[in-house]
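Engineer: Below is one structure. I have some questions about it.
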Amino acid sequence: MGFPTKIQLIKRAKSEQWYINFPAAVAQAMEFEKGEVVEWVIEDKKKMILKRSTPDPSADEKKKPQ
């Protein structure tokens, strides 16, 4: 299932900023944390990949059998 999202552009006299907001459901499913650093990887003009810069140690703990 996808989550359609509009891209926002704020133009200023000497610069412009582009924004993409994540729906809360996506952020929660990915278990994003405030201040977390991510990296955009451009695969081609139709696909960008959002990659965590550092591995999430809690993700490994969740995979381990108890």
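Starting from 1 in every chain, residues are counted up; chains themselves are A, B, ... following the order of the structure tokens, and ligands are numbered from 1 as listed.
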A:Gln8: which residues within 9 Å, counting only C-alpha atoms, same-chain residues fewer than 2 positions away excluded, as a short mmCIF file (atom, residue, chain, number, x, y, z; two decimals) with C-alpha atoms, in the first residue's frame?
Structural biologist:
```
data_model
loop_
_atom_site.label_atom_id
_atom_site.label_comp_id
_atom_site.auth_asym_id
_atom_site.auth_seq_id
_atom_site.Cartn_x
_atom_site.Cartn_y
_atom_site.Cartn_z
CA LYS A 6 2.81 16.18 -2.18
CA ILE A 10 9.45 27.27 -0.67
CA GLN A 17 13.87 24.53 -0.15
CA TRP A 18 12.06 21.32 -1.04
CA TYR A 19 10.12 19.34 1.55
CA ILE A 20 8.59 15.89 1.68
CA ASN A 21 6.63 15.05 4.80
#
```
Engineer: Go through chain A and collect every residue that DSSP, computed from the backbone, puts in alpha helix (DSSP H); the answer should be as a list in words.
Structural biologist: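 Residues meeting the alpha helix (DSSP H) criterion: Ala24, Ala25, Val26, Ala27, Gln28, Ala29, Pro57, Ser58, Ala59, Asp60, Glu61, Lys62 and Lys63 of chain A.
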Engineer: Just the selected residues (N, CA, C and O atoms), exported as an mmCIF file, in the first residue's frame, please.
Structural biologist:
```cif
data_model
loop_
_atom_site.group_PDB
_atom_site.id
_atom_site.type_symbol
_atom_site.label_atom_id
_atom_site.label_comp_id
_atom_site.auth_asym_id
_atom_site.auth_seq_id
_atom_site.Cartn_x
_atom_site.Cartn_y
_atom_site.Cartn_z
ATOM 1 N N ALA A 24 2.341 9.968 9.355
ATOM 2 C CA ALA A 24 2.647 9.388 10.668
ATOM 3 C C ALA A 24 2.714 7.862 10.595
ATOM 4 O O ALA A 24 3.587 7.246 11.220
ATOM 5 N N ALA A 25 1.843 7.246 9.798
ATOM 6 C CA ALA A 25 1.836 5.785 9.703
ATOM 7 C C ALA A 25 3.156 5.250 9.147
ATOM 8 O O ALA A 25 3.662 4.220 9.596
ATOM 9 N N VAL A 26 3.737 5.973 8.186
ATOM 10 C CA VAL A 26 5.021 5.552 7.613
ATOM 11 C C VAL A 26 6.139 5.719 8.646
ATOM 12 O O VAL A 26 6.958 4.823 8.847
ATOM 13 N N ALA A 27 6.169 6.867 9.308
ATOM 14 C CA ALA A 27 7.203 7.121 10.315
ATOM 15 C C ALA A 27 7.137 6.102 11.455
ATOM 16 O O ALA A 27 8.168 5.609 11.922
ATOM 17 N N GLN A 28 5.929 5.759 11.873
ATOM 18 C CA GLN A 28 5.771 4.781 12.950
ATOM 19 C C GLN A 28 6.165 3.385 12.497
ATOM 20 O O GLN A 28 6.837 2.653 13.222
ATOM 21 N N ALA A 29 5.791 3.017 11.274
ATOM 22 C CA ALA A 29 6.151 1.692 10.759
ATOM 23 C C ALA A 29 7.660 1.539 10.629
ATOM 24 O O ALA A 29 8.208 0.458 10.861
ATOM 25 N N PRO A 57 20.505 -0.584 16.160
ATOM 26 C CA PRO A 57 20.832 -1.755 16.989
ATOM 27 C C PRO A 57 19.594 -2.434 17.570
ATOM 28 O O PRO A 57 19.578 -3.635 17.758
ATOM 29 N N SER A 58 18.518 -1.683 17.787
ATOM 30 C CA SER A 58 17.320 -2.293 18.351
ATOM 31 C C SER A 58 16.646 -3.213 17.332
ATOM 32 O O SER A 58 15.962 -4.155 17.702
ATOM 33 N N ALA A 59 16.868 -2.972 16.029
ATOM 34 C CA ALA A 59 16.286 -3.838 15.002
ATOM 35 C C ALA A 59 16.891 -5.236 15.087
ATOM 36 O O ALA A 59 16.200 -6.230 14.914
ATOM 37 N N ASP A 60 18.199 -5.331 15.371
ATOM 38 C CA ASP A 60 18.848 -6.633 15.509
ATOM 39 C C ASP A 60 18.317 -7.369 16.730
ATOM 40 O O ASP A 60 18.121 -8.582 16.699
ATOM 41 N N GLU A 61 18.069 -6.628 17.819
ATOM 42 C CA GLU A 61 17.549 -7.258 19.034
ATOM 43 C C GLU A 61 16.160 -7.838 18.817
ATOM 44 O O GLU A 61 15.815 -8.872 19.353
ATOM 45 N N LYS A 62 15.355 -7.168 17.983
ATOM 46 C CA LYS A 62 13.998 -7.632 17.718
ATOM 47 C C LYS A 62 14.001 -8.942 16.914
ATOM 48 O O LYS A 62 13.096 -9.733 17.024
ATOM 49 N N LYS A 63 15.049 -9.136 16.080
ATOM 50 C CA LYS A 63 15.119 -10.327 15.239
ATOM 51 C C LYS A 63 15.598 -11.554 15.999
ATOM 52 O O LYS A 63 15.331 -12.673 15.599
#
```
Engineer: Quick check for you: according to DSSP on this backbone, which residues of chain A are classed as strand (DSSP E or B)? Reply as JSON, numbers by chain.
Structural biologist: {"A": [7, 8, 9, 10, 11, 16, 17, 18, 19, 20, 38, 39, 40, 41, 42, 43, 44, 47, 48, 49, 50, 51, 52]}
Engineer: Applying 12 Å and only C-alpha atoms, which residues near A:Met30 remain after dropping the ones on its own chain fewer than 5 positions away? List them as JSON, numbers by chain.
Structural biologist: {"A": [22, 23, 24, 25, 36, 38, 50, 51, 52, 56, 59]}
Engineer: Selection from above, C-alpha atoms, as a compact mmCIF listing (two decimals), in the first residue's frame, can you write it?
Structural biologist:
```txt
# COMPACT_ATOMS: atom_id res chain seq x y z
CA PHE A 22 6.15 11.49 5.98
CA PRO A 23 2.69 10.41 7.00
CA ALA A 24 2.65 9.39 10.67
CA ALA A 25 1.84 5.79 9.70
CA GLU A 36 17.66 10.45 13.25
CA VAL A 38 18.91 9.30 6.94
CA LEU A 50 15.76 6.41 1.90
CA LYS A 51 18.54 4.69 3.80
CA ARG A 52 19.40 4.87 7.47
CA ASP A 56 19.51 0.49 14.19
CA ALA A 59 16.29 -3.84 15.00
```
